[in-house]
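Novice: There's a structure below that I have some questions on.
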Amino acid sequence: MNPNYIVFAIPIFLLFILAEVLLEVFKYKKGTYRLNDAIANLGIGIGEQVFSVFSRAVMLMLYEFVYQYRLFSLPSNIFTGILLLFLFDFIFYWAHRFGHEVNLGWGGHIVHHSSEEYNLTVALRQPWFFSMMTFVMFLPIALFGFSPMLLLIVSGIDILYQFWIHTQFVPKLGFLEWFLNTPSHHRVHHGRNPQYIDKNYGGILLFTIDYLAHSKKRRKKLYMV
């Protein structure tokens, strides 16, 4: 009872990466790919998936242990799934923020930000231990009665969504920019310019916590053109 949806999606990921490479070579020529960098990204991603066979099993066991003491018993359906998706993404925001603003967290998360390029292979460049560092933040979900299987499905959706936003070839997406974490927003998140550092921590949704924390004069700097 521990499906890893990332593994099932790998062929699709590779097809999209191939499409991005072809766009780079034959149309845009932005210099977004270097062979050694892309190989490093894929190698780290493969290692993370191998390690996750063990880490996910441990995290699932911990979740099921806490689930025994749940305060409620919720059914697993589309409505509780949507509710859990919002809840999971909100906790993901704080876990992601921990990975940037606390030294211990950054020590684990920095792997994802250490590529010298920005393309779809960067989405696969995932740290091996960071999820185990932050998983304790998700354990309270079990107390509210969300089943382990529903958590696996929702967490898979949240993580799979974040693959496509690691590209330079998708422009701004109009009104979607107001509430979704889009490629434009995530390019800001990976930016190295001082005004872009530590912005846009959401997974699927764009939370306004950072936005409201800045003065009106600086808000436009949260977004890249």
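Following the order of the structure tokens, first chain is A, next is B, and so on, with residues numbered from 1 inside each chain and ligands from 1 in the order they appear.
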May I have a table of the residues of stretch 41-155 of chain A lying at most 10 Å from stretch 196-203 of chain A, giving each one's closest pair of atoms and their distance in Å to one decimal, counting only C-alpha atoms, ordered by chain and ascending residue number, as JSON lines?

Specialist:
```
{"residue": "A:Phe88", "atom": "CA", "partner": "A:Gly203", "partner_atom": "CA", "distance": 9.2}
{"residue": "A:Asp89", "atom": "CA", "partner": "A:Gly203", "partner_atom": "CA", "distance": 5.9}
{"residue": "A:Phe90", "atom": "CA", "partner": "A:Gly202", "partner_atom": "CA", "distance": 7.3}
{"residue": "A:Ile91", "atom": "CA", "partner": "A:Gly202", "partner_atom": "CA", "distance": 9.1}
{"residue": "A:Phe92", "atom": "CA", "partner": "A:Gly203", "partner_atom": "CA", "distance": 6.6}
{"residue": "A:Tyr93", "atom": "CA", "partner": "A:Gly202", "partner_atom": "CA", "distance": 4.7}
{"residue": "A:Trp94", "atom": "CA", "partner": "A:Tyr201", "partner_atom": "CA", "distance": 7.7}
{"residue": "A:Ala95", "atom": "CA", "partner": "A:Tyr201", "partner_atom": "CA", "distance": 8.7}
{"residue": "A:His96", "atom": "CA", "partner": "A:Tyr201", "partner_atom": "CA", "distance": 5.8}
{"residue": "A:Arg97", "atom": "CA", "partner": "A:Tyr201", "partner_atom": "CA", "distance": 6.0}
{"residue": "A:Phe98", "atom": "CA", "partner": "A:Tyr201", "partner_atom": "CA", "distance": 9.6}
{"residue": "A:Gly99", "atom": "CA", "partner": "A:Tyr201", "partner_atom": "CA", "distance": 9.6}
{"residue": "A:His100", "atom": "CA", "partner": "A:Asp198", "partner_atom": "CA", "distance": 6.6}
{"residue": "A:Glu101", "atom": "CA", "partner": "A:Asp198", "partner_atom": "CA", "distance": 7.6}
```

Novice: I want to know what sits within 10 Å of A:Ser131, based on only C-alpha atoms, with residues of the same chain fewer than 5 positions away left out; could you give that as a JSON list (two decimals) with C-alpha atoms, in the first residue's frame?

Specialist:
```json
[["chain", "number", "residue", "atom", "x", "y", "z"],
["A", 52, "SER", "CA", 12.62, 6.72, -1.41],
["A", 55, "SER", "CA", 12.16, 6.49, 3.21],
["A", 56, "ARG", "CA", 8.55, 6.39, 1.98],
["A", 59, "MET", "CA", 7.10, 7.68, 6.63],
["A", 95, "ALA", "CA", 7.87, 22.86, 4.94],
["A", 96, "HIS", "CA", 9.29, 24.47, 1.81],
["A", 99, "GLY", "CA", 13.89, 24.45, 3.66],
["A", 108, "GLY", "CA", 18.82, 19.42, 2.90],
["A", 109, "HIS", "CA", 16.93, 21.42, 0.28],
["A", 126, "GLN", "CA", 15.44, 16.20, -5.53],
["A", 136, "VAL", "CA", 6.74, 15.44, 10.98]]
```

Novice: List the spatial neighbours of A:Glu24 as a list of chain:residue names - criterion: any atom at most 9 Å away, only C-alpha atoms, same-chain residues fewer than 6 positions off excluded.

Specialist: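 Contacts, in chain order: A:Lys30, A:Gly31, A:Thr32, A:Tyr33, A:Phe169.
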
Novice: Mind dumping the selected residues with N, CA and C atoms as a compact mmCIF listing (two decimals), in the first residue's frame?

Specialist:
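As written to disk, result.txt reads:
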```
# COMPACT_ATOMS: atom_id res chain seq x y z
N LYS A 30 17.89 29.17 -26.13
CA LYS A 30 18.12 30.01 -24.96
C LYS A 30 19.34 29.57 -24.15
N GLY A 31 19.89 28.42 -24.48
CA GLY A 31 21.00 27.90 -23.71
C GLY A 31 20.58 27.35 -22.36
N THR A 32 19.40 26.74 -22.32
CA THR A 32 18.86 26.23 -21.05
C THR A 32 19.35 24.83 -20.71
N TYR A 33 20.04 24.17 -21.65
CA TYR A 33 20.51 22.81 -21.39
C TYR A 33 22.02 22.71 -21.58
N PHE A 169 10.08 27.94 -20.98
CA PHE A 169 9.40 28.07 -22.26
C PHE A 169 7.90 28.35 -22.14
```

Novice: Considering only C-alpha atoms, return as a ChimeraX atom specification whatever protein or nucleic-acid residues lie within 8 Å of A:Gln162, sequence-local ones (same chain, fewer than 3 positions apart) excluded.

Specialist: /A:123,158-159,165-166,203-204

Novice: Could you dump the residues just selected with all heavy atoms as a tab-separated table (two decimals), in the first residue's frame?

Specialist:
```tsv
chain	number	residue	atom	x	y	z
A	123	ALA	N	13.48	19.65	-12.07
A	123	ALA	CA	12.37	19.14	-11.27
A	123	ALA	C	12.69	17.77	-10.68
A	123	ALA	O	12.17	17.40	-9.62
A	123	ALA	CB	11.11	19.05	-12.12
A	158	ASP	N	0.23	16.65	-5.77
A	158	ASP	CA	0.93	17.90	-5.47
A	158	ASP	C	2.35	17.89	-6.02
A	158	ASP	O	2.81	18.89	-6.59
A	158	ASP	CB	0.96	18.10	-3.94
A	158	ASP	CG	1.16	19.55	-3.56
A	158	ASP	OD1	2.33	19.99	-3.51
A	158	ASP	OD2	0.17	20.24	-3.30
A	159	ILE	N	3.04	16.78	-5.87
A	159	ILE	CA	4.43	16.69	-6.34
A	159	ILE	C	4.48	16.60	-7.87
A	159	ILE	O	5.34	17.24	-8.51
A	159	ILE	CB	5.14	15.48	-5.71
A	159	ILE	CG1	5.16	15.61	-4.18
A	159	ILE	CG2	6.56	15.35	-6.25
A	159	ILE	CD1	5.80	16.88	-3.68
A	165	ILE	N	6.37	23.17	-13.90
A	165	ILE	CA	6.66	24.58	-13.66
A	165	ILE	C	8.17	24.88	-13.71
A	165	ILE	O	8.57	26.04	-13.62
A	165	ILE	CB	6.08	25.04	-12.30
A	165	ILE	CG1	6.67	24.24	-11.15
A	165	ILE	CG2	4.56	24.95	-12.32
A	165	ILE	CD1	6.16	24.69	-9.78
A	166	HIS	N	8.98	23.83	-13.90
A	166	HIS	CA	10.43	24.04	-14.00
A	166	HIS	C	10.84	24.22	-15.47
A	166	HIS	O	11.62	23.43	-16.02
A	166	HIS	CB	11.18	22.85	-13.39
A	166	HIS	CG	11.06	22.76	-11.91
A	166	HIS	ND1	9.99	22.18	-11.27
A	166	HIS	CD2	11.91	23.20	-10.92
A	166	HIS	CE1	10.17	22.25	-9.97
A	166	HIS	NE2	11.32	22.86	-9.73
A	203	GLY	N	3.21	24.87	-3.46
A	203	GLY	CA	3.37	23.75	-4.39
A	203	GLY	C	2.48	23.95	-5.60
A	203	GLY	O	2.95	24.22	-6.70
A	204	ILE	N	1.16	23.84	-5.40
A	204	ILE	CA	0.20	24.09	-6.47
A	204	ILE	C	-0.36	25.49	-6.38
A	204	ILE	O	-0.47	26.20	-7.37
A	204	ILE	CB	-0.96	23.06	-6.41
A	204	ILE	CG1	-0.43	21.65	-6.69
A	204	ILE	CG2	-2.06	23.43	-7.41
A	204	ILE	CD1	-1.50	20.57	-6.58
```

Novice: Could you give me, as a list in words, the residues within 6 Å of A:Leu205, counting only C-alpha atoms and dropping anything in the same chain fewer than 3 positions from it?

Specialist: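 So the residues in contact are Phe179, Leu180, Asn181 and Gly202 of chain A.
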
Novice: I'd like to know which residues of stretch 40-100 of chain A are helix (DSSP H, G or I) (by DSSP, run on the backbone); could you write them as a PyMOL selection string?

Specialist: chain A and resi 40-67+78-100

Novice: Between A:Glu20, A:Glu117, A:Glu48, A:Glu177, single out the one closest to A:Phe207, counting only C-alpha atoms.

Specialist: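 The closest residue to A:Phe207 is A:Glu177.
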
Novice: In Å, with one decimal, what is the gap from atom CA of A:Gln68 to atom CA of A:Gly145?

Specialist: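 Between atom CA of A:Gln68 and atom CA of A:Gly145 the gap works out to 9.1 Å.
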
Novice: Tell me which protein, DNA and RNA residues are within 9 Å of A:Trp164, counting only C-alpha atoms, leaving out same-chain ones fewer than 5 positions away, and put them as a count of residues only.

Specialist: 6

Novice: Would you please work out which residue, of A:Gly45, A:Gly81, A:Pro140, A:Gly191, is nearest to A:Ile153 when using only C-alpha atoms?

Specialist: A:Gly81
